[in-house]
Amino acid sequence: LNEQGTPSAGYVTFSTGNLTVAKGETKTLTVVVDIPTGSNLQYLAAELGTDAGDSTTAAADMTSTGKSSGQDISETGVGLGNSFTLSAPTLVIAAASTPAAQYIVSNTTEAWLGRLQLTGSNENIKVTKVTVTFDDNTILGNINSASTVFSNVKLKVGSTQIGATKQITDGGGSGGQDIAAFSGIENLTVTKDQTVSLDIYAQTTATSTDTALLTWFVGHASNSDIIGSGVSSNTAVTSSGGKQASKGTTLLTSGTLTVSVDASTPVAANQAVGLYGKKLVDFAKLKFDAAYEAMKVKTLKLTLIDSGGYGAGTSTATTTANSYDFDKVYLYDGATKLAETVVDATAFTANFVSDSALFTVPNGESKVITVK
């Protein structure tokens, strides 16, 4: 309706000759202000005819006339808007509880090492620089060899990479610790009163001598490690929250594969083969458990041992078990045939070989293979 300049002695007068409130209706007027950079007001509120001003009713602070009668109106009531506190933008950093303490094998391409929670207040904050500290201690202040253990450090929000991929600067931190510094970030904004989860990834390049069962931590080592500015005010913002470290990642040279007889393996039983033999008899079910990384099984040797030989503690086949006892031996994953082979007549073994993989056991999972 109207725009005025700077208030005089705390008051602004508006001319609203084109404002009409129809009979029986209500209109709401919104007061909008521009707050300049450097304003020293502690709070701000709009008021109309209140005890806090120069009158106790709206009549003293406004004039109006009846549209039909043309008579001056004696307005009633008061209006006092809520107080707005003028505050600078803030950015508080905290370490998330995920990922939990974990083991990761060397040569993992994109290992999730930690997550920082960025919470902004008072206005939207555009983050332009993030410094991530690496340490083999939660204090995030030791001189260490992280630059030889990790490479290709990335920041992500969800699936979106933030900034460019960086390498670790050996001793680049203020205390000589190894850091990865991301500057010139253009695509990270923390919305007012919201929290953004910033994930830290890296490739593990450690050798067997680097791992030595050390546990590594990543995070926010000190205030001002994350820098930005208010989107509206352009006020500079530096992070707070102090040291915030991840739960820890221990590096291993390789994962593990454990083999056992699955509970669903066939029980001992007689098989009536008849005159023409019997095909695809379930012989055993083997369970493979992979830990810390997926496992490709490329070779598998099964040795034929009869019950008498095995029961007596013999680890090789007896004369009771011979190559002619079996025509072919098969490996199945559920209903899918993986491989087949014949029995070695000398060693009494069934050897399965695949350069790519007979089968793969996913990390942290089990796979049951049926021998037929």
# chains A, B, ... in the order shown; residues from 1 in each chain; ligands from 1
$ select_by_dssp --residues "region 45-101 of chain A" --states "helix (DSSP H, G or I)" --output "PyMOL selection string"
chain A and resi 58-61
$ residues_around --residues "Leu280 (chain A)" --least-positions-apart "4" --cutoff "12 Å" --atoms "only C-alpha atoms" --output "PyMOL selection string"
chain A and resi 271+273+284+326-332+335+337+340+370-372
$ write_last_selection --atoms "N, CA and C atoms" --output "PDB file, in the first residue's frame"
ATOM      1  N   GLN A 271      20.238 -94.372  -0.240  1.00  0.00           N
ATOM      2  CA  GLN A 271      19.706 -93.920  -1.517  1.00  0.00           C
ATOM      3  C   GLN A 271      19.537 -95.131  -2.431  1.00  0.00           C
ATOM      4  N   VAL A 273      19.423 -96.394  -5.817  1.00  0.00           N
ATOM      5  CA  VAL A 273      19.809 -95.857  -7.134  1.00  0.00           C
ATOM      6  C   VAL A 273      19.219 -96.675  -8.275  1.00  0.00           C
ATOM      7  N   ALA A 284      24.932 -82.537   0.328  1.00  0.00           N
ATOM      8  CA  ALA A 284      25.345 -81.709   1.468  1.00  0.00           C
ATOM      9  C   ALA A 284      24.988 -80.254   1.179  1.00  0.00           C
ATOM     10  N   PHE A 326      30.240 -92.005  -7.927  1.00  0.00           N
ATOM     11  CA  PHE A 326      29.560 -90.790  -8.358  1.00  0.00           C
ATOM     12  C   PHE A 326      29.862 -90.545  -9.831  1.00  0.00           C
ATOM     13  N   ASP A 327      28.841 -90.255 -10.597  1.00  0.00           N
ATOM     14  CA  ASP A 327      29.044 -89.930 -12.003  1.00  0.00           C
ATOM     15  C   ASP A 327      29.516 -88.484 -12.130  1.00  0.00           C
ATOM     16  N   LYS A 328      28.709 -87.557 -11.612  1.00  0.00           N
ATOM     17  CA  LYS A 328      29.070 -86.142 -11.617  1.00  0.00           C
ATOM     18  C   LYS A 328      28.715 -85.534 -10.266  1.00  0.00           C
ATOM     19  N   VAL A 329      29.383 -84.437  -9.945  1.00  0.00           N
ATOM     20  CA  VAL A 329      29.085 -83.666  -8.734  1.00  0.00           C
ATOM     21  C   VAL A 329      28.735 -82.244  -9.168  1.00  0.00           C
ATOM     22  N   TYR A 330      27.672 -81.691  -8.575  1.00  0.00           N
ATOM     23  CA  TYR A 330      27.176 -80.377  -8.975  1.00  0.00           C
ATOM     24  C   TYR A 330      27.181 -79.420  -7.768  1.00  0.00           C
ATOM     25  N   LEU A 331      27.283 -78.119  -8.080  1.00  0.00           N
ATOM     26  CA  LEU A 331      27.073 -77.063  -7.085  1.00  0.00           C
ATOM     27  C   LEU A 331      25.838 -76.270  -7.487  1.00  0.00           C
ATOM     28  N   TYR A 332      24.943 -76.053  -6.513  1.00  0.00           N
ATOM     29  CA  TYR A 332      23.719 -75.289  -6.757  1.00  0.00           C
ATOM     30  C   TYR A 332      23.590 -74.167  -5.730  1.00  0.00           C
ATOM     31  N   ALA A 335      17.968 -72.913  -6.763  1.00  0.00           N
ATOM     32  CA  ALA A 335      17.600 -73.698  -7.941  1.00  0.00           C
ATOM     33  C   ALA A 335      18.554 -73.469  -9.107  1.00  0.00           C
ATOM     34  N   LYS A 337      22.018 -73.831 -11.033  1.00  0.00           N
ATOM     35  CA  LYS A 337      23.238 -74.636 -11.099  1.00  0.00           C
ATOM     36  C   LYS A 337      24.431 -73.725 -11.351  1.00  0.00           C
ATOM     37  N   GLU A 340      29.511 -77.978 -12.535  1.00  0.00           N
ATOM     38  CA  GLU A 340      29.517 -79.432 -12.416  1.00  0.00           C
ATOM     39  C   GLU A 340      30.904 -79.935 -12.771  1.00  0.00           C
ATOM     40  N   THR A 370      24.411 -75.915  -2.250  1.00  0.00           N
ATOM     41  CA  THR A 370      24.013 -77.319  -2.188  1.00  0.00           C
ATOM     42  C   THR A 370      24.928 -78.149  -3.088  1.00  0.00           C
ATOM     43  N   VAL A 371      25.475 -79.225  -2.539  1.00  0.00           N
ATOM     44  CA  VAL A 371      26.254 -80.181  -3.293  1.00  0.00           C
ATOM     45  C   VAL A 371      25.333 -81.321  -3.701  1.00  0.00           C
ATOM     46  N   LYS A 372      25.261 -81.605  -4.990  1.00  0.00           N
ATOM     47  CA  LYS A 372      24.386 -82.666  -5.513  1.00  0.00           C
ATOM     48  C   LYS A 372      25.240 -83.706  -6.214  1.00  0.00           C
TER      49      LYS A 372
END
$ residues_around --residues "region 129-142 of chain A" --least-positions-apart "2" --cutoff "8 Å" --atoms "only C-alpha atoms" --output "JSON, numbers by chain"
{"A": [127, 144, 146, 173, 175, 176, 177, 178, 179, 180, 181, 182, 183, 184, 185, 214, 215, 216, 217, 218, 219, 220, 221, 225, 226, 227, 228, 243, 245, 246]}
$ atom_distance --atom1 "CA of Leu188 (chain A)" --atom2 "CA of Lys126 (chain A)"
6.1 Å
$ residues_around --residues "Ser147 (chain A)" --least-positions-apart "6" --cutoff "8 Å" --atoms "only C-alpha atoms" --output "list in words"
Gln167, Ile168, Thr169, Asp170 and Asp178 of chain A
$ residues_around --residues "Ala101 (chain A)" --least-positions-apart "5" --cutoff "9 Å" --atoms "only C-alpha atoms" --output "PyMOL selection string"
chain A and resi 246-250
$ closest_residue --among "A:Thr299, A:Lys23, A:Ala95, A:Thr119" --to "Lys67 (chain A)" --atoms "only C-alpha atoms"
A:Lys23
$ atom_distance --atom1 "CA of Asp72 (chain A)" --atom2 "CA of Thr28 (chain A)"
20.9 Å
$ atom_distance --atom1 "CA of Leu251 (chain A)" --atom2 "CA of Thr109 (chain A)"
13.2 Å
$ closest_residue --among "A:Ile104, A:Ala268, A:Ile35, A:Ile162" --to "Ser87 (chain A)" --atoms "only C-alpha atoms"
A:Ile35
$ residues_around --residues "Ser254 (chain A)" --least-positions-apart "3" --cutoff "8 Å" --atoms "only C-alpha atoms" --output "number ranges by chain"
A: 105-106, 292-293
$ residues_around --residues "Ser197 (chain A)" --least-positions-apart "2" --cutoff "7 Å" --atoms "only C-alpha atoms" --output "PyMOL selection string"
chain A and resi 115-118+157+195+199
$ select_by_dssp --residues "region 73-123 of chain A" --states "strand (DSSP E)" --output "list in words"
Gly79, Leu80, Phe84, Thr85, Thr90, Leu91, Val92, Ile93, Ala94, Ala95, Gln102, Tyr103, Ile104, Val105, Ala111, Trp112, Leu113, Gly114, Arg115, Leu116, Gln117, Leu118, Thr119, Gly120 and Ser121 of chain A
$ write_last_selection --atoms "N, CA, C and O atoms" --output "short mmCIF file (atom, residue, chain, number, x, y, z; two decimals), in the first residue's frame"
data_model
loop_
_atom_site.label_atom_id
_atom_site.label_comp_id
_atom_site.auth_asym_id
_atom_site.auth_seq_id
_atom_site.Cartn_x
_atom_site.Cartn_y
_atom_site.Cartn_z
N GLY A 79 -3.07 -2.77 18.69
CA GLY A 79 -2.33 -3.80 17.96
C GLY A 79 -0.86 -3.78 18.34
O GLY A 79 -0.21 -2.73 18.23
N LEU A 80 -0.34 -4.90 18.80
CA LEU A 80 1.07 -5.01 19.16
C LEU A 80 1.62 -6.30 18.56
O LEU A 80 1.18 -7.40 18.92
N PHE A 84 10.74 -9.25 17.59
CA PHE A 84 11.75 -10.00 16.85
C PHE A 84 13.12 -9.62 17.37
O PHE A 84 13.48 -8.45 17.40
N THR A 85 13.86 -10.61 17.82
CA THR A 85 15.21 -10.37 18.32
C THR A 85 16.19 -10.38 17.15
O THR A 85 16.17 -11.28 16.32
N THR A 90 24.10 -18.47 13.21
CA THR A 90 25.04 -19.38 13.89
C THR A 90 25.01 -20.74 13.19
O THR A 90 24.01 -21.13 12.58
N LEU A 91 26.11 -21.47 13.31
CA LEU A 91 26.23 -22.80 12.71
C LEU A 91 26.89 -23.71 13.75
O LEU A 91 28.06 -23.54 14.07
N VAL A 92 26.11 -24.67 14.28
CA VAL A 92 26.60 -25.56 15.32
C VAL A 92 26.85 -26.94 14.72
O VAL A 92 26.02 -27.47 13.98
N ILE A 93 28.01 -27.52 15.06
CA ILE A 93 28.43 -28.81 14.51
C ILE A 93 28.38 -29.88 15.59
O ILE A 93 28.79 -29.66 16.73
N ALA A 94 27.86 -31.07 15.21
CA ALA A 94 27.84 -32.22 16.12
C ALA A 94 28.14 -33.47 15.32
O ALA A 94 27.81 -33.56 14.13
N ALA A 95 28.80 -34.44 15.97
CA ALA A 95 29.06 -35.72 15.32
C ALA A 95 27.84 -36.62 15.46
O ALA A 95 27.24 -36.70 16.53
N GLN A 102 33.40 -49.40 13.27
CA GLN A 102 33.35 -50.39 12.20
C GLN A 102 34.74 -50.86 11.80
O GLN A 102 35.76 -50.24 12.12
N TYR A 103 34.75 -51.98 11.06
CA TYR A 103 35.96 -52.50 10.42
C TYR A 103 35.78 -52.36 8.91
O TYR A 103 34.72 -52.68 8.37
N ILE A 104 36.83 -51.88 8.23
CA ILE A 104 36.80 -51.74 6.78
C ILE A 104 38.11 -52.27 6.23
O ILE A 104 39.18 -52.03 6.82
N VAL A 105 38.04 -52.98 5.12
CA VAL A 105 39.26 -53.54 4.54
C VAL A 105 39.96 -52.51 3.65
O VAL A 105 39.35 -51.56 3.16
N ALA A 111 34.70 -45.56 1.23
CA ALA A 111 34.34 -45.99 2.58
C ALA A 111 33.69 -44.82 3.33
O ALA A 111 34.21 -43.70 3.34
N TRP A 112 32.55 -45.09 3.95
CA TRP A 112 31.86 -44.08 4.76
C TRP A 112 32.53 -44.02 6.12
O TRP A 112 32.45 -44.94 6.92
N LEU A 113 33.21 -42.90 6.41
CA LEU A 113 34.02 -42.79 7.61
C LEU A 113 33.34 -42.03 8.74
O LEU A 113 33.63 -42.27 9.92
N GLY A 114 32.46 -41.08 8.42
CA GLY A 114 31.86 -40.29 9.48
C GLY A 114 30.75 -39.40 8.94
O GLY A 114 30.57 -39.24 7.73
N ARG A 115 30.02 -38.81 9.88
CA ARG A 115 28.93 -37.88 9.53
C ARG A 115 28.92 -36.73 10.52
O ARG A 115 28.94 -36.94 11.74
N LEU A 116 28.88 -35.50 9.99
CA LEU A 116 28.75 -34.30 10.81
C LEU A 116 27.35 -33.72 10.62
O LEU A 116 26.85 -33.65 9.50
N GLN A 117 26.74 -33.29 11.73
CA GLN A 117 25.42 -32.66 11.68
C GLN A 117 25.62 -31.15 11.77
O GLN A 117 26.17 -30.65 12.74
N LEU A 118 25.15 -30.42 10.76
CA LEU A 118 25.28 -28.96 10.69
C LEU A 118 23.91 -28.35 10.94
O LEU A 118 22.97 -28.58 10.16
N THR A 119 23.77 -27.58 12.02
CA THR A 119 22.49 -26.95 12.37
C THR A 119 22.64 -25.44 12.31
O THR A 119 23.49 -24.86 12.99
N GLY A 120 21.81 -24.81 11.48
CA GLY A 120 21.86 -23.36 11.32
C GLY A 120 20.74 -22.68 12.08
O GLY A 120 19.65 -23.23 12.22
N SER A 121 21.01 -21.46 12.55
CA SER A 121 19.99 -20.69 13.27
C SER A 121 19.95 -19.25 12.76
O SER A 121 20.95 -18.73 12.27
#
